[in-house]
Structure formats: structure tokens, C-alpha cells
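Dumped protein.cif below, it's mmCIF, C-alpha atoms:
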data_upload
#
loop_
_atom_site.label_atom_id
_atom_site.label_comp_id
_atom_site.auth_asym_id
_atom_site.auth_seq_id
_atom_site.Cartn_x
_atom_site.Cartn_y
_atom_site.Cartn_z
CA MET A 1 -10.96 5.23 26.50
CA LYS A 2 -9.85 5.59 22.90
CA PRO A 3 -12.07 4.58 19.96
CA LEU A 4 -11.32 1.75 17.56
CA GLY A 5 -11.14 2.13 13.81
CA PRO A 6 -14.01 0.80 11.68
CA LEU A 7 -14.09 -2.87 10.73
CA PRO A 8 -13.85 -3.54 6.99
CA PRO A 9 -17.36 -4.04 5.58
CA GLU A 10 -16.82 -7.77 5.00
CA PHE A 11 -16.32 -8.26 8.76
CA ALA A 12 -18.46 -5.53 10.28
CA GLU A 13 -21.72 -7.50 10.61
CA GLN A 14 -20.27 -10.80 11.84
CA ALA A 15 -21.40 -12.37 15.10
CA GLY A 16 -19.80 -15.12 17.15
CA ALA A 17 -16.63 -16.68 15.75
CA LEU A 18 -14.74 -14.57 13.22
CA MET A 19 -14.96 -15.98 9.70
CA ILE A 20 -12.30 -15.23 7.10
CA GLY A 21 -12.97 -16.36 3.56
CA GLY A 22 -15.77 -18.66 4.75
CA LYS A 23 -13.64 -20.44 7.36
CA SER A 24 -13.40 -19.79 11.09
CA TYR A 25 -10.40 -18.06 12.59
CA ALA A 26 -9.72 -21.20 14.66
CA ALA A 27 -9.51 -23.33 11.51
CA TRP A 28 -7.04 -20.88 10.01
CA ILE A 29 -4.89 -21.04 13.15
CA THR A 30 -4.95 -24.83 12.96
CA GLN A 31 -3.82 -24.63 9.35
CA ALA A 32 -1.09 -22.13 10.29
CA GLY A 33 0.10 -24.34 13.13
CA ASP A 34 -0.03 -21.61 15.77
CA THR A 35 -0.38 -17.91 16.37
CA PRO A 36 0.60 -15.27 15.41
CA ALA A 37 -0.66 -15.57 11.84
CA PHE A 38 -1.74 -13.33 8.99
CA VAL A 39 -4.72 -14.45 6.94
CA TYR A 40 -5.44 -12.66 3.66
CA ASP A 41 -8.98 -13.00 2.30
CA PHE A 42 -8.42 -12.92 -1.43
CA GLY A 43 -12.13 -12.56 -2.09
CA ILE A 44 -11.85 -9.03 -0.71
CA VAL A 45 -8.99 -8.24 -3.10
CA ARG A 46 -10.99 -9.64 -5.98
CA SER A 47 -13.94 -7.44 -5.07
CA ARG A 48 -11.73 -4.34 -4.88
CA VAL A 49 -10.33 -5.02 -8.35
CA ALA A 50 -13.86 -5.52 -9.71
CA ARG A 51 -14.98 -2.26 -8.13
CA PHE A 52 -12.02 -0.43 -9.66
CA ARG A 53 -12.78 -1.82 -13.12
CA ALA A 54 -16.45 -0.86 -12.86
CA ALA A 55 -15.72 2.65 -11.58
CA MET A 56 -12.81 3.74 -13.76
CA PRO A 57 -12.94 4.76 -17.43
CA ALA A 58 -12.38 1.98 -19.92
CA GLY A 59 -8.74 1.64 -20.83
CA VAL A 60 -7.30 3.00 -17.58
CA GLY A 61 -4.83 0.37 -16.45
CA LEU A 62 -4.50 -0.94 -12.92
CA HIS A 63 -0.99 -1.50 -11.58
CA TYR A 64 -0.26 -3.25 -8.29
CA ALA A 65 2.43 -1.68 -6.11
CA ILE A 66 4.21 -4.75 -4.74
CA LYS A 67 5.57 -2.87 -1.73
CA ALA A 68 2.09 -2.89 -0.18
CA ASN A 69 2.27 -6.67 0.29
CA PRO A 70 4.85 -8.84 -1.52
CA PHE A 71 3.76 -12.20 -0.03
CA ALA A 72 4.39 -14.58 -2.94
CA PRO A 73 1.05 -16.49 -2.98
CA LEU A 74 -0.88 -13.22 -2.69
CA LEU A 75 1.16 -11.67 -5.50
CA ALA A 76 0.57 -14.75 -7.67
CA ALA A 77 -3.17 -14.37 -7.17
CA ILE A 78 -3.20 -10.62 -7.85
CA ALA A 79 -0.98 -10.62 -10.95
CA PRO A 80 -3.55 -12.07 -13.39
CA LEU A 81 -6.08 -9.41 -12.34
CA VAL A 82 -3.94 -6.32 -13.00
CA ASN A 83 -2.26 -4.71 -15.99
CA GLY A 84 1.16 -4.16 -14.50
CA LEU A 85 3.37 -4.52 -11.46
CA ASP A 86 5.25 -1.65 -9.87
CA ILE A 87 8.45 -2.41 -7.99
CA ALA A 88 10.97 -0.49 -5.91
CA SER A 89 14.01 -2.78 -5.60
CA GLY A 90 15.97 -5.55 -7.20
CA GLY A 91 14.36 -7.95 -4.74
CA GLU A 92 10.89 -6.96 -5.88
CA LEU A 93 12.08 -7.32 -9.49
CA ALA A 94 12.84 -10.99 -8.80
CA MET A 95 9.35 -11.40 -7.32
CA ALA A 96 7.64 -9.71 -10.27
CA LEU A 97 9.43 -11.27 -13.25
CA PRO A 98 7.84 -14.75 -13.10
CA HIS A 99 4.36 -13.30 -13.58
CA GLY A 100 4.89 -12.06 -17.13
CA LYS A 101 3.39 -8.62 -16.56
CA PRO A 102 4.70 -5.22 -17.63
CA ILE A 103 6.90 -3.95 -14.81
CA SER A 104 7.94 -0.45 -13.84
CA PHE A 105 10.75 0.26 -11.39
CA ALA A 106 10.62 3.40 -9.22
CA GLY A 107 12.54 4.55 -6.19
CA PRO A 108 15.67 6.57 -5.49
CA GLY A 109 19.08 4.99 -5.07
CA LYS A 110 18.85 2.23 -7.67
CA ARG A 111 22.23 0.50 -7.86
CA ASP A 112 23.87 -0.20 -11.19
CA ASP A 113 23.37 -3.94 -10.77
CA GLU A 114 19.65 -3.35 -10.20
CA LEU A 115 19.48 -1.13 -13.28
CA ALA A 116 21.29 -3.76 -15.33
CA ALA A 117 18.96 -6.55 -14.22
CA ALA A 118 15.87 -4.46 -14.89
CA ILE A 119 16.99 -3.00 -18.22
CA GLY A 120 18.10 -6.43 -19.40
CA ALA A 121 14.66 -7.81 -18.56
CA GLY A 122 12.84 -5.08 -20.47
CA VAL A 123 11.52 -3.35 -17.38
CA THR A 124 10.57 0.33 -17.56
CA ILE A 125 12.80 2.42 -15.28
CA ASN A 126 11.05 5.41 -13.69
CA LEU A 127 14.03 7.74 -13.50
CA GLU A 128 14.39 9.73 -10.28
CA SER A 129 17.14 12.14 -11.42
CA GLU A 130 19.32 13.23 -14.30
CA GLY A 131 22.20 11.31 -12.70
CA GLU A 132 20.18 8.11 -12.68
CA ALA A 133 19.30 8.75 -16.32
CA ALA A 134 22.97 8.95 -17.26
CA ARG A 135 23.76 5.77 -15.33
CA ALA A 136 20.83 3.92 -16.93
CA LEU A 137 21.97 4.91 -20.41
CA ALA A 138 25.53 3.82 -19.63
CA VAL A 139 24.32 0.46 -18.29
CA ALA A 140 22.16 -0.06 -21.37
CA SER A 141 25.10 0.77 -23.64
CA ARG A 142 27.25 -1.85 -21.91
CA LEU A 143 24.44 -4.40 -22.31
CA GLY A 144 23.87 -3.46 -25.93
CA VAL A 145 20.13 -2.91 -25.47
CA ILE A 146 17.72 -0.01 -25.88
CA PRO A 147 16.45 0.88 -22.41
CA ARG A 148 12.83 1.58 -21.60
CA LEU A 149 12.97 4.80 -19.60
CA ALA A 150 10.20 6.91 -18.10
CA VAL A 151 10.59 10.05 -16.02
CA ARG A 152 9.22 10.19 -12.52
CA VAL A 153 8.02 13.75 -12.03
CA ASN A 154 8.26 15.64 -8.76
CA PRO A 155 5.09 17.62 -9.43
CA ASP A 156 4.59 21.26 -8.54
CA LEU A 157 1.42 20.21 -6.71
CA GLU A 158 0.55 18.02 -3.74
CA LEU A 159 -2.37 15.77 -2.84
CA ARG A 160 -4.44 17.49 -0.15
CA GLY A 161 -5.19 15.31 2.85
CA SER A 162 -2.65 12.65 1.96
CA GLY A 163 -0.90 10.67 4.66
CA MET A 164 2.42 10.94 2.84
CA LYS A 165 2.88 13.94 0.55
CA MET A 166 5.09 13.16 -2.44
CA GLY A 167 4.97 16.40 -4.43
CA GLY A 168 5.03 20.16 -4.23
CA ARG A 169 8.31 20.32 -2.30
CA ALA A 170 11.98 19.39 -2.37
CA SER A 171 12.09 15.62 -2.62
CA PRO A 172 14.35 12.62 -3.18
CA PHE A 173 11.55 11.28 -5.41
CA GLY A 174 11.38 12.27 -9.04
CA VAL A 175 12.71 15.09 -11.18
CA ASP A 176 11.44 18.59 -10.45
CA ALA A 177 8.72 19.34 -13.00
CA GLU A 178 10.48 22.34 -14.53
CA ARG A 179 13.50 20.17 -15.43
CA VAL A 180 11.54 17.28 -16.93
CA PRO A 181 11.16 18.51 -20.56
CA ALA A 182 14.93 18.87 -20.99
CA LEU A 183 15.46 15.37 -19.58
CA VAL A 184 12.86 13.89 -21.92
CA ARG A 185 14.59 15.46 -24.93
CA TYR A 186 17.93 14.14 -23.66
CA LEU A 187 16.57 10.60 -23.39
CA ILE A 188 15.02 10.67 -26.85
CA ASP A 189 18.16 12.13 -28.41
CA ALA A 190 20.20 9.40 -26.68
CA GLY A 191 18.13 6.72 -28.43
CA ALA A 192 16.22 5.48 -25.40
CA ASP A 193 12.71 4.06 -25.66
CA TRP A 194 10.99 6.85 -23.76
CA ARG A 195 7.95 5.38 -22.02
CA GLY A 196 6.32 8.48 -20.54
CA PHE A 197 5.66 9.96 -17.11
CA HIS A 198 5.16 8.67 -13.60
CA ILE A 199 3.49 11.40 -11.52
CA PHE A 200 2.75 10.67 -7.88
CA ALA A 201 1.56 13.50 -5.62
CA GLY A 202 0.76 11.63 -2.39
CA SER A 203 -0.70 8.55 -0.74
CA GLN A 204 -3.37 7.44 1.77
CA SER A 205 -5.91 10.17 1.00
CA LEU A 206 -9.53 9.78 2.06
CA ASP A 207 -10.56 13.07 0.48
CA THR A 208 -12.53 12.21 -2.65
CA GLY A 209 -12.57 15.81 -3.84
CA ALA A 210 -8.83 16.18 -3.36
CA LEU A 211 -8.14 13.07 -5.44
CA ILE A 212 -10.40 14.31 -8.23
CA GLU A 213 -8.68 17.70 -8.16
CA THR A 214 -5.20 16.14 -8.13
CA GLN A 215 -5.92 13.79 -11.03
CA ALA A 216 -7.15 16.71 -13.14
CA ALA A 217 -4.06 18.74 -12.23
CA THR A 218 -1.83 15.74 -12.99
CA LEU A 219 -3.34 15.39 -16.46
CA ALA A 220 -2.77 19.08 -17.10
CA LEU A 221 0.82 18.78 -15.88
CA ALA A 222 1.48 15.75 -18.13
CA ALA A 223 0.17 17.70 -21.12
CA ARG A 224 2.25 20.77 -20.32
CA LEU A 225 5.44 18.75 -19.90
CA ALA A 226 4.79 16.84 -23.11
CA GLU A 227 4.23 20.04 -25.06
CA GLU A 228 7.40 21.58 -23.65
CA ALA A 229 9.35 18.44 -24.50
CA GLY A 230 7.81 18.24 -27.95
CA ALA A 231 6.88 14.56 -27.52
CA ALA A 232 3.67 12.74 -26.57
CA PRO A 233 4.13 10.25 -23.69
CA PRO A 234 3.19 6.66 -24.49
CA LEU A 235 1.97 6.22 -20.90
CA ALA A 236 1.09 8.52 -18.03
CA ASN A 237 1.07 6.77 -14.68
CA LEU A 238 -1.19 9.05 -12.64
CA GLY A 239 -0.06 7.56 -9.33
CA GLY A 240 -2.56 6.36 -6.79
CA GLY A 241 -3.14 7.85 -3.39
CA PHE A 242 -6.38 5.97 -2.66
CA GLY A 243 -6.65 5.71 1.11
CA VAL A 244 -8.49 3.26 3.35
CA PRO A 245 -10.26 3.93 6.67
CA TYR A 246 -7.97 2.85 9.49
CA PHE A 247 -9.21 5.06 12.33
CA SER A 248 -12.37 6.17 14.08
CA GLY A 249 -14.11 8.84 12.02
CA ASP A 250 -12.48 7.83 8.74
CA GLN A 251 -14.86 7.57 5.78
CA ALA A 252 -14.22 5.37 2.74
CA LEU A 253 -13.51 6.97 -0.61
CA ASP A 254 -16.21 7.42 -3.22
CA VAL A 255 -14.30 5.57 -5.92
CA GLU A 256 -17.21 5.82 -8.33
CA ALA A 257 -17.14 9.63 -8.14
CA ILE A 258 -13.38 9.57 -8.74
CA GLY A 259 -13.84 7.35 -11.78
CA ALA A 260 -16.60 9.52 -13.23
CA ALA A 261 -14.50 12.66 -12.83
CA LEU A 262 -11.45 10.99 -14.34
CA GLY A 263 -13.54 9.85 -17.29
CA GLU A 264 -14.68 13.41 -17.90
CA ALA A 265 -11.13 14.75 -17.57
CA LEU A 266 -9.77 12.15 -20.01
CA GLY A 267 -12.57 12.92 -22.44
CA ASN A 268 -11.46 16.55 -22.49
CA ARG A 269 -7.71 15.95 -22.36
CA PRO A 270 -5.35 18.07 -24.46
CA ALA A 271 -4.59 16.88 -27.98
CA ILE A 272 -1.00 15.93 -27.17
CA LEU A 273 -2.34 13.21 -24.85
CA VAL A 274 -4.91 11.82 -27.26
CA ASP A 275 -2.90 8.64 -27.94
CA THR A 276 -1.43 8.34 -24.44
CA GLY A 277 -2.30 5.38 -22.25
CA PHE A 278 -3.13 5.92 -18.59
CA ALA A 279 -2.71 3.86 -15.46
CA LEU A 280 -3.29 4.13 -11.73
CA GLU A 281 -0.88 2.51 -9.31
CA LEU A 282 -2.60 1.10 -6.21
CA GLY A 283 -1.39 -1.06 -3.36
CA ARG A 284 -2.96 -0.27 -0.01
CA TRP A 285 -6.47 0.22 -1.43
CA LEU A 286 -6.38 -3.23 -3.01
CA VAL A 287 -5.02 -5.28 -0.11
CA ALA A 288 -5.22 -3.47 3.25
CA GLU A 289 -8.72 -4.61 4.14
CA CYS A 290 -8.12 -8.24 3.18
CA GLY A 291 -5.62 -8.89 5.98
CA VAL A 292 -6.32 -10.08 9.53
CA TYR A 293 -3.52 -10.55 12.06
CA LEU A 294 -4.40 -13.22 14.63
CA THR A 295 -2.50 -13.19 17.91
CA ARG A 296 -3.22 -15.09 21.13
CA VAL A 297 -3.54 -13.63 24.61
CA VAL A 298 -0.72 -15.01 26.77
CA ASP A 299 -1.52 -13.09 29.92
CA ARG A 300 -4.20 -10.83 31.34
CA LYS A 301 -2.66 -8.54 33.91
CA ARG A 302 -3.51 -5.53 36.03
CA SER A 303 -1.12 -2.68 36.72
CA ARG A 304 -1.95 0.52 38.60
CA GLY A 305 -5.62 0.32 37.76
CA GLU A 306 -5.25 -0.64 34.08
CA THR A 307 -5.77 -3.99 32.35
CA PHE A 308 -3.34 -5.31 29.78
CA LEU A 309 -3.91 -8.18 27.37
CA VAL A 310 -0.41 -9.41 26.58
CA VAL A 311 -0.33 -11.25 23.26
CA ASP A 312 2.21 -13.43 21.47
CA GLY A 313 2.51 -11.02 18.54
CA GLY A 314 3.50 -7.40 18.34
CA LEU A 315 4.96 -4.53 16.37
CA HIS A 316 7.67 -6.79 14.94
CA HIS A 317 4.88 -8.21 12.73
CA GLN A 318 2.35 -5.38 12.61
CA LEU A 319 4.23 -2.11 13.06
CA ALA A 320 1.45 0.04 11.64
CA ALA A 321 -1.07 -1.02 14.29
CA SER A 322 1.37 0.10 17.00
CA GLY A 323 1.34 3.64 15.61
CA ASN A 324 5.01 3.56 14.70
CA PHE A 325 4.69 3.57 10.91
CA GLY A 326 4.23 7.18 9.87
CA THR A 327 1.48 8.07 12.38
CA VAL A 328 2.01 11.32 14.27
CA VAL A 329 -0.85 10.84 16.75
CA ARG A 330 -1.29 7.26 17.98
CA ARG A 331 -4.78 6.00 17.09
CA ASN A 332 -6.29 2.53 17.15
CA HIS A 333 -6.79 0.24 14.19
CA PRO A 334 -9.91 -1.95 14.27
CA VAL A 335 -9.45 -4.81 16.75
CA ALA A 336 -11.78 -7.57 18.00
CA VAL A 337 -11.86 -10.65 20.19
CA ALA A 338 -12.03 -13.30 17.48
CA SER A 339 -14.42 -15.62 19.34
CA ARG A 340 -16.83 -12.84 20.34
CA MET A 341 -17.59 -10.84 17.22
CA GLY A 342 -20.56 -8.53 17.66
CA GLU A 343 -20.81 -8.95 21.43
CA PRO A 344 -21.08 -6.00 23.83
CA ALA A 345 -17.75 -4.33 24.50
CA ASP A 346 -17.49 -3.51 28.18
CA ASP A 347 -13.90 -4.37 29.15
CA LEU A 348 -11.44 -1.46 29.05
CA VAL A 349 -8.03 -2.89 28.07
CA SER A 350 -4.82 -2.22 26.20
CA VAL A 351 -3.56 -4.94 23.86
CA VAL A 352 0.22 -5.08 24.12
CA GLY A 353 2.77 -7.23 22.35
CA CYS A 354 5.52 -9.51 23.61
CA LEU A 355 8.45 -7.19 22.92
CA CYS A 356 10.48 -5.47 25.63
CA THR A 357 9.60 -1.95 24.55
CA PRO A 358 6.77 0.36 25.61
CA LEU A 359 6.19 1.08 21.91
CA ASP A 360 4.65 -2.38 21.49
CA ARG A 361 0.98 -1.47 21.92
CA LEU A 362 -1.42 -2.87 19.34
CA ALA A 363 -4.51 -1.22 20.85
CA GLU A 364 -4.55 1.40 23.59
CA ARG A 365 -7.35 1.76 26.19
CA VAL A 366 -10.12 0.25 24.07
CA LEU A 367 -13.42 -1.38 24.96
CA LEU A 368 -13.59 -5.06 23.95
CA PRO A 369 -15.64 -8.06 25.05
CA ARG A 370 -13.80 -9.68 27.95
CA ALA A 371 -10.84 -11.80 26.88
CA GLU A 372 -8.71 -14.17 28.94
CA ALA A 373 -5.41 -15.95 28.38
CA GLY A 374 -5.85 -18.30 25.43
CA ASP A 375 -8.34 -16.10 23.56
CA VAL A 376 -7.37 -14.74 20.15
CA ILE A 377 -7.26 -11.06 19.25
CA ALA A 378 -7.91 -10.14 15.62
CA ILE A 379 -6.27 -6.99 14.26
CA PHE A 380 -7.81 -5.87 11.00
CA MET A 381 -6.51 -3.70 8.14
CA ALA A 382 -3.40 -5.89 8.19
CA GLY A 383 -3.12 -6.64 4.47
CA ALA A 384 -0.90 -3.69 3.50
CA TYR A 385 2.41 -2.57 5.01
CA GLY A 386 2.18 -5.32 7.59
CA LEU A 387 4.79 -8.03 7.98
CA SER A 388 7.18 -6.82 5.27
CA ALA A 389 7.10 -3.27 6.71
CA SER A 390 7.83 -4.40 10.28
CA PRO A 391 11.10 -5.19 12.13
CA GLN A 392 10.62 -8.96 12.01
CA THR A 393 13.95 -9.95 13.54
CA PHE A 394 13.77 -7.58 16.51
CA LEU A 395 14.33 -9.61 19.70
CA GLY A 396 14.45 -12.90 17.84
CA HIS A 397 10.82 -13.96 18.04
CA PRO A 398 9.63 -16.51 15.44
CA ALA A 399 8.11 -15.41 12.17
CA PRO A 400 4.32 -15.60 11.85
CA ALA A 401 2.53 -17.75 9.34
CA GLU A 402 0.94 -16.10 6.29
CA LEU A 403 -2.03 -17.69 4.55
CA VAL A 404 -4.20 -16.70 1.58
CA THR A 405 -7.78 -17.80 1.08
CA PRO A 406 -8.79 -19.24 -2.32
#
If you convert what's in this file into C-alpha cells, what do you get?
Amino acid sequence: MKPLGPLPPEFAEQAGALMIGGKSYAAWITQAGDTPAFVYDFGIVRSRVARFRAAMPAGVGLHYAIKANPFAPLLAAIAPLVNGLDIASGGELAMALPHGKPISFAGPGKRDDELAAAIGAGVTINLESEGEAARALAVASRLGVIPRLAVRVNPDLELRGSGMKMGGRASPFGVDAERVPALVRYLIDAGADWRGFHIFAGSQSLDTGALIETQAATLALAARLAEEAGAAPPLANLGGGFGVPYFSGDQALDVEAIGAALGEALGNRPAILVDTGFALELGRWLVAECGVYLTRVVDRKRSRGETFLVVDGGLHHQLAASGNFGTVVRRNHPVAVASRMGEPADDLVSVVGCLCTPLDRLAERVLLPRAEAGDVIAIFMAGAYGLSASPQTFLGHPAPAELVTP
């Protein structure tokens, strides 16, 4: 037997039929037309934004990283609640522009046509290299506009306990910290509208102390780079890195402690940053817990002493739950039988998808209430890096529905 991850708090105490946003899972499936389906409870997102605002120092902006979940109705609901949108492609640029928010564009390998579209729209480009800086300036010159350019820093530090480390090593992301001051001076001398720093040390950390430590080090790094460049940054994007509890034993972050420590650090920041604005860029922490993936049991089968619940969904929709999205050791996300919330779990099963690959396991050797063909399995923590991060066209199965609660 392998343990399940913890249910998000909004679902943990439910009994009987699973309710999402005040409506039963069965009603959502009826609205979707069939399974599989993703349902995003926007009330959970709203509560996460409110918690962030209450915990963080006044004036610290909240940016939404679209890559976490770009579903258009969800993005439309989030945009009015945040201060900016962070994108990583020309496609995400097209999604972000209609919402009228400040946009920043990060990511290596930006094509010239993407740079042109973004610079022409007044988007801030987070430059990943000196070569990209030269190309951005050349594009802006051809367009006859002054580009808004920030420097993404590859910091000489890393976020302890992060699921994906983004700093402290050779990286395709950002400009090595020791080369940043010269690049800033180059941009200013070239007549660009220098917008500041984007410093991202890692993601998916559940270590409150590590995040506090990293934010303090990031502030110190921003000040040092600014002093060496001889220019105060208009904005310092301090990255994000806020993790969520996917697996057994995971503990949620103390966001209030992080906010209090950041407030103290900002209150004592070096003079060169006194007029600098600050922002945190979050995606997963805002939306992961809002998502539930509903998939129906097609077959209950026995094989060599084990029981398999074969469902009509799979890793082509929810790659992360299968353990194939950056997880070294396969562990189980929280899973439930949607009609039997809170009931005793005494049936040892593996939940497997409909794809012809042994990788398609959505839950491995877990205890659930007994489920038969026709029952619905709910896979939680499906709001971030779900459908858009999965190989949807693999084997030609139909796309799932996506729905957002009011």
C-alpha cells in the first residue's frame, strides 16, 4: 500500500457526494456532457488571493504565471484580482493582452517575431542573455519604439527544498549574476526603458524558512547588482517558489510568516532600493488546489492478485498525477471516490488510465472505498500544470471538458 496525498482543506471534511463550488460532482459532469472533466473552483482561487494580500506587505504586487493554468475563463476570472500577468510564449501573449494588465515575458528562446509582438504591445521583456538583449534592441529599432527591458538574473543562490531549482548553477534561464551590471549599463546606454530585475531561484518549495531566507538573499542581490550597475531598478520581481502539498507528509506553507519576514526585510532594504517596486510571481500556489479531475471507472479488473480501476482518463490529461512530470520517486496525489467522500477506505486498488502504456497510473496501490464500473474517481490538486502540461493528443483520445465555478 502507498499513501495518498492530503486533500485540499476545502474538500477534506466532505462526506457523501463530492461538492465543488457548492454543486455536486454529478451535476458538473452533466454540465460537461461526460467524463473526463476538469472543474476549477474559483472560490478557492479567490481565497488564496485574499490570503496573499492579507499576509504580504502593502505594495507588494501579485503576478499570475499563466503557464500554471492558461484556461481562458479561469484566466479571465483571475486577471482582475492580480497586478500583472507573466507569460512565456507568443501564444500566452495573445491570451494575456485582452486583459489590460501589465505583462512580463520570460523564457529562453524567444523568437524575433515574439519579441516584435511583445515589444510593440509595450510588454516588459525579461532578458535571458546578452544575445537576446541585442536582438530585442534591434527589433525595437526596426519598430521605432523604446523597448521595456528587464534582466532575468541567474542568481548565485538557490532555493533550498525546491522541486525545480532555477539558480546557483549553469542555466539556460537568466544572465549569470556577475554579468548583470554590465548588461544593465548597456541597456540604459542604448536608450532602452530598463524595467528592473527578475530573480527566480526555484519553485515548489514547502520550506517556509528556506523561502524567507531566499527572499532576503534575493533582496540583497538586487541591491548589490543595482549598486554595481549604478542604477536603481524600477521593479524587482522576487520570483515565487510557493509550493503546495501534493503528497503524504507534505505540510502547507506558513504564508503569514513569509509575509511578516518579507515586510521586515523590505523595511530594512538598502537605500538604492528605496523607490523600487516589488512583486511576487505565483501560479501553482494560486490555482493547484482549485482543480478536480473527474474520470469514470470503465472496468474493475483483477490481475495476479491486484485490483485495477481502469478509468476513461489518464496521463494525457493529468500527467503530473501519473508521476511523469518532474517527479523522481512516484508518489500519489490525493484521490477519492467521488460518491463516497469520507467513507472508510478498505479496498486496495491502483487507478490506471486508458492509454496503452504502463506509465498511465493515476494512483498506485492505494486504499479507497470500493468502486465499481460507472463510479467516478476524483483526482485533486489538478488546477496547475494539468491539461496544458499533458500530452493531450497522445493516442487520439477526446479532449476533456474544463469548467470554472462562479
### Task
Using all atoms listed in the file, determine which residues lie at most 10 Å from region 329-338 of chain A, disregarding the query and same-chain residues fewer than 3 positions distant; provide the list as a PyMOL selection string.
chain A and resi 2-8+15-19+24-26+245-248+292-297+320-326+341-343+345+351+361-372+375-382
Let's have the selection written as a PDB file, keeping the file's coordinate frame, with C-alpha atoms.
ATOM      1  CA  LYS A   2      -9.850   5.590  22.900  1.00  0.00           C
ATOM      2  CA  PRO A   3     -12.070   4.580  19.960  1.00  0.00           C
ATOM      3  CA  LEU A   4     -11.320   1.750  17.560  1.00  0.00           C
ATOM      4  CA  GLY A   5     -11.140   2.130  13.810  1.00  0.00           C
ATOM      5  CA  PRO A   6     -14.010   0.800  11.680  1.00  0.00           C
ATOM      6  CA  LEU A   7     -14.090  -2.870  10.730  1.00  0.00           C
ATOM      7  CA  PRO A   8     -13.850  -3.540   6.990  1.00  0.00           C
ATOM      8  CA  ALA A  15     -21.400 -12.370  15.100  1.00  0.00           C
ATOM      9  CA  GLY A  16     -19.800 -15.120  17.150  1.00  0.00           C
ATOM     10  CA  ALA A  17     -16.630 -16.680  15.750  1.00  0.00           C
ATOM     11  CA  LEU A  18     -14.740 -14.570  13.220  1.00  0.00           C
ATOM     12  CA  MET A  19     -14.960 -15.980   9.700  1.00  0.00           C
ATOM     13  CA  SER A  24     -13.400 -19.790  11.090  1.00  0.00           C
ATOM     14  CA  TYR A  25     -10.400 -18.060  12.590  1.00  0.00           C
ATOM     15  CA  ALA A  26      -9.720 -21.200  14.660  1.00  0.00           C
ATOM     16  CA  PRO A 245     -10.260   3.930   6.670  1.00  0.00           C
ATOM     17  CA  TYR A 246      -7.970   2.850   9.490  1.00  0.00           C
ATOM     18  CA  PHE A 247      -9.210   5.060  12.330  1.00  0.00           C
ATOM     19  CA  SER A 248     -12.370   6.170  14.080  1.00  0.00           C
ATOM     20  CA  VAL A 292      -6.320 -10.080   9.530  1.00  0.00           C
ATOM     21  CA  TYR A 293      -3.520 -10.550  12.060  1.00  0.00           C
ATOM     22  CA  LEU A 294      -4.400 -13.220  14.630  1.00  0.00           C
ATOM     23  CA  THR A 295      -2.500 -13.190  17.910  1.00  0.00           C
ATOM     24  CA  ARG A 296      -3.220 -15.090  21.130  1.00  0.00           C
ATOM     25  CA  VAL A 297      -3.540 -13.630  24.610  1.00  0.00           C
ATOM     26  CA  ALA A 320       1.450   0.040  11.640  1.00  0.00           C
ATOM     27  CA  ALA A 321      -1.070  -1.020  14.290  1.00  0.00           C
ATOM     28  CA  SER A 322       1.370   0.100  17.000  1.00  0.00           C
ATOM     29  CA  GLY A 323       1.340   3.640  15.610  1.00  0.00           C
ATOM     30  CA  ASN A 324       5.010   3.560  14.700  1.00  0.00           C
ATOM     31  CA  PHE A 325       4.690   3.570  10.910  1.00  0.00           C
ATOM     32  CA  GLY A 326       4.230   7.180   9.870  1.00  0.00           C
ATOM     33  CA  MET A 341     -17.590 -10.840  17.220  1.00  0.00           C
ATOM     34  CA  GLY A 342     -20.560  -8.530  17.660  1.00  0.00           C
ATOM     35  CA  GLU A 343     -20.810  -8.950  21.430  1.00  0.00           C
ATOM     36  CA  ALA A 345     -17.750  -4.330  24.500  1.00  0.00           C
ATOM     37  CA  VAL A 351      -3.560  -4.940  23.860  1.00  0.00           C
ATOM     38  CA  ARG A 361       0.980  -1.470  21.920  1.00  0.00           C
ATOM     39  CA  LEU A 362      -1.420  -2.870  19.340  1.00  0.00           C
ATOM     40  CA  ALA A 363      -4.510  -1.220  20.850  1.00  0.00           C
ATOM     41  CA  GLU A 364      -4.550   1.400  23.590  1.00  0.00           C
ATOM     42  CA  ARG A 365      -7.350   1.760  26.190  1.00  0.00           C
ATOM     43  CA  VAL A 366     -10.120   0.250  24.070  1.00  0.00           C
ATOM     44  CA  LEU A 367     -13.420  -1.380  24.960  1.00  0.00           C
ATOM     45  CA  LEU A 368     -13.590  -5.060  23.950  1.00  0.00           C
ATOM     46  CA  PRO A 369     -15.640  -8.060  25.050  1.00  0.00           C
ATOM     47  CA  ARG A 370     -13.800  -9.680  27.950  1.00  0.00           C
ATOM     48  CA  ALA A 371     -10.840 -11.800  26.880  1.00  0.00           C
ATOM     49  CA  GLU A 372      -8.710 -14.170  28.940  1.00  0.00           C
ATOM     50  CA  ASP A 375      -8.340 -16.100  23.560  1.00  0.00           C
ATOM     51  CA  VAL A 376      -7.370 -14.740  20.150  1.00  0.00           C
ATOM     52  CA  ILE A 377      -7.260 -11.060  19.250  1.00  0.00           C
ATOM     53  CA  ALA A 378      -7.910 -10.140  15.620  1.00  0.00           C
ATOM     54  CA  ILE A 379      -6.270  -6.990  14.260  1.00  0.00           C
ATOM     55  CA  PHE A 380      -7.810  -5.870  11.000  1.00  0.00           C
ATOM     56  CA  MET A 381      -6.510  -3.700   8.140  1.00  0.00           C
ATOM     57  CA  ALA A 382      -3.400  -5.890   8.190  1.00  0.00           C
TER      58      ALA A 382
END
### Task
Using all atoms listed in the file, find the one residue out of A:Leu183, A:Leu115, A:Val349, A:Ile188 that sits nearest to Arg300 (chain A).
A:Val349
#### Entry: Result set, the PyMOL selection byres ((chain A and resi 138) around 12) on current file, as a ChimeraX atom specification
/A:112-113,115-116,119,131-137,139-147,187,190-192
### Message
Could you list, as JSON, numbers by chain, every residue matched by the PyMOL selection byres ((chain A and resi 152) around 12) in this structure?
### Response
{"A": [104, 105, 106, 107, 108, 124, 125, 126, 127, 128, 129, 130, 132, 133, 149, 150, 151, 153, 154, 155, 166, 167, 171, 172, 173, 174, 175, 176, 177, 179, 180, 181, 183, 184, 194, 195, 196, 197, 198, 199, 200, 201, 222, 225, 235, 236, 237, 238, 239]}
### Task
Name the residues captured by the PyMOL selection byres ((chain A and resi 78-93) around 10) when it is applied to the shown file; answer as a PyMOL selection string.
chain A and resi 42+45-46+49-50+53+60-67+70+72-77+94-111+113-118+121+123-126+279-283+286-287
### Message
Show me the residues around (-14.5, 10.0, -12.2) - criterion: an atom at most 12 Å away, all atoms listed in the file counted - as a ChimeraX atom specification.
### Response
/A:52-58,60,208-209,211-216,254-267
### Message
Could you list, as a count of residues only, every residue within 6 Å of Val310 (chain A), counting all atoms listed in the file and ignoring same-chain residues fewer than 6 positions away?
### Response
5
